[in-house]
Amino acid sequence: MNTYILGIESSCDDTAAAILKNDTILSNVTAGQEVHRQFGGVVPELASRAHQQNIIPVIDAAIRQANITKKQLSAIAFTQGPGLLGSLLVGVSFAKSFALALNIPLVEVDHMKAHILAHFIRNEGRTNKVPAFPFLCLTVSGGHTQLVRVDDYDRMSILGQTIDDAAGETFDKAAKILGLPYPGGPVIDSLAKQGDPLRFSFSKPNVEGLNFSFSGLKTSILYFLRDELKKDPDFIGKNKNDLCASIEHTVVDILMDKLIRASDETGIKEVGIAGGVSANSGLRQRLFDSGEASGWNVYIPEFEYTTDNAAMIAIAGYFRYLKGEFGAQTSAPYARSRF
Ligand code: KG4
Ligand code: ZN
């Protein structure tokens with residue numbers, strides 16, 4: 001018998017819903033929130049209100065595009081955390097009400113684990129190369145940077161993580177310093193393609209073990225630009241592409257150093273990346289190159305499953321559903337990572 005899972009994601013500024021038939025995607029709908037752009041970052045109160053407006057149309061669209069009826073749904077999977085509490089509450093409340101109305105199980109999903117499990121989403125007609133357990137996953141998003149050992153769909157342990165800013169946050173903050181729009185990651189990515197990655201060098205952290213730090217890099221960019229702008233007020237305008245390429249190069253260096261070290265220490269050669277920053281072309285290219293040099297099998301999720309989406313929530317929910325791990329109507333969201 002086929003299993004149909006509705007996944008709901010509302011942890012930050014994207015309202016998303018997706019339907020999976022077993023592990024195969026039927027629909028994947030995301031409504032972004034333009035309202036935050038003018039503020040240069042996500043405004044939590046506005047995000048909750050936009051989720052409230054978007055959630056029903058988005059879920060309705062996901063069900064229609066999947067060409068199923070809501071009565072066919074086997075379970076509803078939703079992001080329980082980590083994320084903005086007000087945003088999560090919208091998804092959690094809707095998931096609970098819908099599951100109650102349809103009399104089907106609820107499945108709680110951790111957003112960071114779901115980013116990793118995005119590797120297992122199957123697309124009809126496309127070959128799907130999935131990682132074998134155990135594998136290493138570098139999960140890089142706007143709020144988290146985690147190096148994870150994945151032993152099974154539900155057995156994961158953090159080998160290292162950032163002690164301050166996340167990789168995505170670093171891209172966003174660097175973009176802000178350069179006067180680029182939010183979110184900065186994709187903008188830096190596209191400008192970096194026309195720039196020289198070795199033109200400028202920025203400080204790299206010296207952090208123990210497999211942990212990361214990015215706050216020093218941000219400060220180094222800030223001080224460097226402050227000095228250069230004193231000499232030439234149009235320094236950023238004249239060097240934008242090279243600045244973006246050099247910043248991206250440094251972030252990718254910091255990430256890859258630890259990923260290579262984790263593979264050396266664990267002997268694991270199945271290596272993937274996940275999360276919004278795994279959309280970055282520099283990081284994707286470097287993973288391929290390192291993979292070739294180190295004999296790794298590398299895994300990069302399809303582009304549409306890198307930044308926040310509900311397909312990853314549905315696949316994570318699917319694996320829990322198969323094990324009978326259901327949530328209760330008393331389920332509550334959580335703000336911080338619970339690995
Ligand atoms: O996973 P995600 O969509 O949301 C969180 O869970 O945080 O990640 C969003 C982050 C943002 O910081 C954004 O700037 C970054 O991912 N990002 C990128 C790219 N696309 C998104 N960073 C670098 N290059 C990209 N192409
Ligand atoms: Zn995310």
# chains A, B, ... in the order shown; residues from 1 in each chain; ligands from 1
>>> closest_atom_pairs(of="segment 100-189 of chain A", to="segment 258-278 of chain A", cutoff="12 Å", atoms="only C-alpha atoms", output="Markdown table")
| residue | atom | partner | partner_atom | distance |
| --- | --- | --- | --- | --- |
| A:His111 | CA | A:Gly275 | CA | 9.8 |
| A:Met112 | CA | A:Gly275 | CA | 8.1 |
| A:Lys113 | CA | A:Ala274 | CA | 9.8 |
| A:Ala114 | CA | A:Gly275 | CA | 9.3 |
| A:His115 | CA | A:Gly275 | CA | 5.6 |
| A:Ile116 | CA | A:Ala274 | CA | 5.7 |
| A:Leu117 | CA | A:Ala274 | CA | 8.7 |
| A:Ala118 | CA | A:Ala274 | CA | 7.7 |
| A:His119 | CA | A:Ala274 | CA | 8.1 |
| A:Phe120 | CA | A:Gly272 | CA | 11.5 |
| A:Lys129 | CA | A:Gly272 | CA | 11.3 |
| A:Val130 | CA | A:Gly272 | CA | 9.7 |
| A:Pro131 | CA | A:Glu270 | CA | 6.3 |
| A:Ala132 | CA | A:Glu270 | CA | 6.8 |
| A:Phe133 | CA | A:Glu270 | CA | 7.9 |
| A:Pro134 | CA | A:Ile268 | CA | 7.2 |
| A:Phe135 | CA | A:Glu270 | CA | 4.8 |
| A:Leu136 | CA | A:Val271 | CA | 4.8 |
| A:Cys137 | CA | A:Gly272 | CA | 4.7 |
| A:Leu138 | CA | A:Ile273 | CA | 4.6 |
| A:Thr139 | CA | A:Ala274 | CA | 4.7 |
| A:Val140 | CA | A:Gly275 | CA | 4.9 |
| A:Ser141 | CA | A:Gly276 | CA | 4.8 |
| A:Gly142 | CA | A:Gly276 | CA | 6.9 |
| A:Gly143 | CA | A:Gly276 | CA | 9.8 |
| A:His144 | CA | A:Gly275 | CA | 8.8 |
| A:Thr145 | CA | A:Gly275 | CA | 8.9 |
| A:Gln146 | CA | A:Ala274 | CA | 9.8 |
| A:Leu147 | CA | A:Leu259 | CA | 7.3 |
| A:Val148 | CA | A:Ala262 | CA | 9.4 |
| A:Arg149 | CA | A:Ile268 | CA | 9.0 |
| A:Val150 | CA | A:Val271 | CA | 10.0 |
| A:Asp151 | CA | A:Ile268 | CA | 10.9 |
| A:Ile158 | CA | A:Ala262 | CA | 11.1 |
| A:Leu159 | CA | A:Ala262 | CA | 7.9 |
| A:Gly160 | CA | A:Lys258 | CA | 8.5 |
| A:Gln161 | CA | A:Lys258 | CA | 10.0 |
| A:Thr162 | CA | A:Lys258 | CA | 11.1 |
| A:Ala166 | CA | A:Val277 | CA | 9.9 |
| A:Ala167 | CA | A:Val277 | CA | 7.2 |
| A:Gly168 | CA | A:Val277 | CA | 5.8 |
| A:Glu169 | CA | A:Val277 | CA | 9.6 |
| A:Thr170 | CA | A:Val277 | CA | 10.4 |
| A:Phe171 | CA | A:Val277 | CA | 8.8 |
| A:Asp172 | CA | A:Val277 | CA | 10.7 |
| A:Pro183 | CA | A:Gly276 | CA | 10.7 |
| A:Gly184 | CA | A:Val277 | CA | 10.7 |
| A:Gly185 | CA | A:Val277 | CA | 7.2 |
| A:Pro186 | CA | A:Val277 | CA | 8.6 |
| A:Val187 | CA | A:Val277 | CA | 11.9 |
| A:Ile188 | CA | A:Val277 | CA | 11.2 |
| A:Asp189 | CA | A:Val277 | CA | 9.7 |
>>> select_by_dssp(residues="segment 231-339 of chain A", states="strand (DSSP E or B)", output="compact mmCIF listing (two decimals) with all heavy atoms, in the first residue's frame")
# COMPACT_ATOMS: atom_id res chain seq x y z
N GLU A 270 31.79 8.63 2.52
CA GLU A 270 30.48 9.01 1.96
C GLU A 270 30.23 10.40 2.52
O GLU A 270 30.09 10.56 3.76
CB GLU A 270 29.37 8.08 2.46
CG GLU A 270 29.48 6.65 1.99
CD GLU A 270 28.98 6.50 0.57
OE1 GLU A 270 27.81 6.79 0.30
OE2 GLU A 270 29.80 6.09 -0.28
N VAL A 271 30.20 11.42 1.67
CA VAL A 271 30.17 12.79 2.19
C VAL A 271 29.12 13.64 1.47
O VAL A 271 29.11 13.69 0.23
CB VAL A 271 31.57 13.46 2.02
CG1 VAL A 271 31.56 14.86 2.58
CG2 VAL A 271 32.65 12.63 2.71
N GLY A 272 28.26 14.29 2.24
CA GLY A 272 27.23 15.14 1.65
C GLY A 272 27.20 16.52 2.26
O GLY A 272 27.82 16.78 3.29
N ILE A 273 26.50 17.42 1.59
CA ILE A 273 26.24 18.74 2.15
C ILE A 273 24.74 18.99 2.09
O ILE A 273 24.04 18.38 1.26
CB ILE A 273 27.00 19.88 1.42
CG1 ILE A 273 26.75 19.85 -0.10
CG2 ILE A 273 28.48 19.81 1.70
CD1 ILE A 273 27.38 21.02 -0.86
N ALA A 274 24.24 19.85 2.96
CA ALA A 274 22.80 20.13 2.99
C ALA A 274 22.56 21.52 3.56
O ALA A 274 23.48 22.14 4.10
CB ALA A 274 22.09 19.08 3.85
N ASN A 297 32.67 9.50 -2.14
CA ASN A 297 31.43 9.56 -2.91
C ASN A 297 30.72 10.79 -2.38
O ASN A 297 30.44 10.87 -1.18
CB ASN A 297 30.55 8.33 -2.65
CG ASN A 297 31.18 7.09 -3.23
OD1 ASN A 297 31.74 7.13 -4.32
ND2 ASN A 297 31.11 5.99 -2.50
N VAL A 298 30.45 11.77 -3.24
CA VAL A 298 29.84 13.01 -2.73
C VAL A 298 28.37 13.11 -3.11
O VAL A 298 27.95 12.61 -4.16
CB VAL A 298 30.61 14.27 -3.20
CG1 VAL A 298 32.05 14.22 -2.78
CG2 VAL A 298 30.50 14.46 -4.70
N TYR A 299 27.63 13.76 -2.22
CA TYR A 299 26.17 13.88 -2.40
C TYR A 299 25.76 15.32 -2.17
O TYR A 299 26.07 15.92 -1.15
CB TYR A 299 25.45 12.96 -1.42
CG TYR A 299 25.86 11.53 -1.58
CD1 TYR A 299 26.92 11.01 -0.83
CD2 TYR A 299 25.25 10.71 -2.52
CE1 TYR A 299 27.35 9.70 -1.02
CE2 TYR A 299 25.67 9.40 -2.72
CZ TYR A 299 26.72 8.91 -1.96
OH TYR A 299 27.14 7.63 -2.17
N GLY A 327 3.52 11.80 16.67
CA GLY A 327 3.47 12.87 17.66
C GLY A 327 2.08 12.92 18.29
O GLY A 327 1.14 12.29 17.80
>>> closest_residue(among="A:Tyr4, A:Leu178, A:Glu108, A:Ile300", to="Asp234 of chain A", atoms="only C-alpha atoms")
A:Leu178
>>> atom_distance(atom1="atom CA of Ala279 of chain A", atom2="atom CA of Gly295 of chain A")
22.4 Å
>>> closest_residue(among="A:Ser290, A:Asn280, A:Ser201, A:Thr307", to="Ala16 of chain A", atoms="only C-alpha atoms")
A:Thr307
>>> select_by_dssp(residues="segment 31-188 of chain A", states="helix (DSSP H, G or I)", output="PyMOL selection string")
chain A and resi 34-39+44-66+70-72+85-102+111-120+167-177+184-188
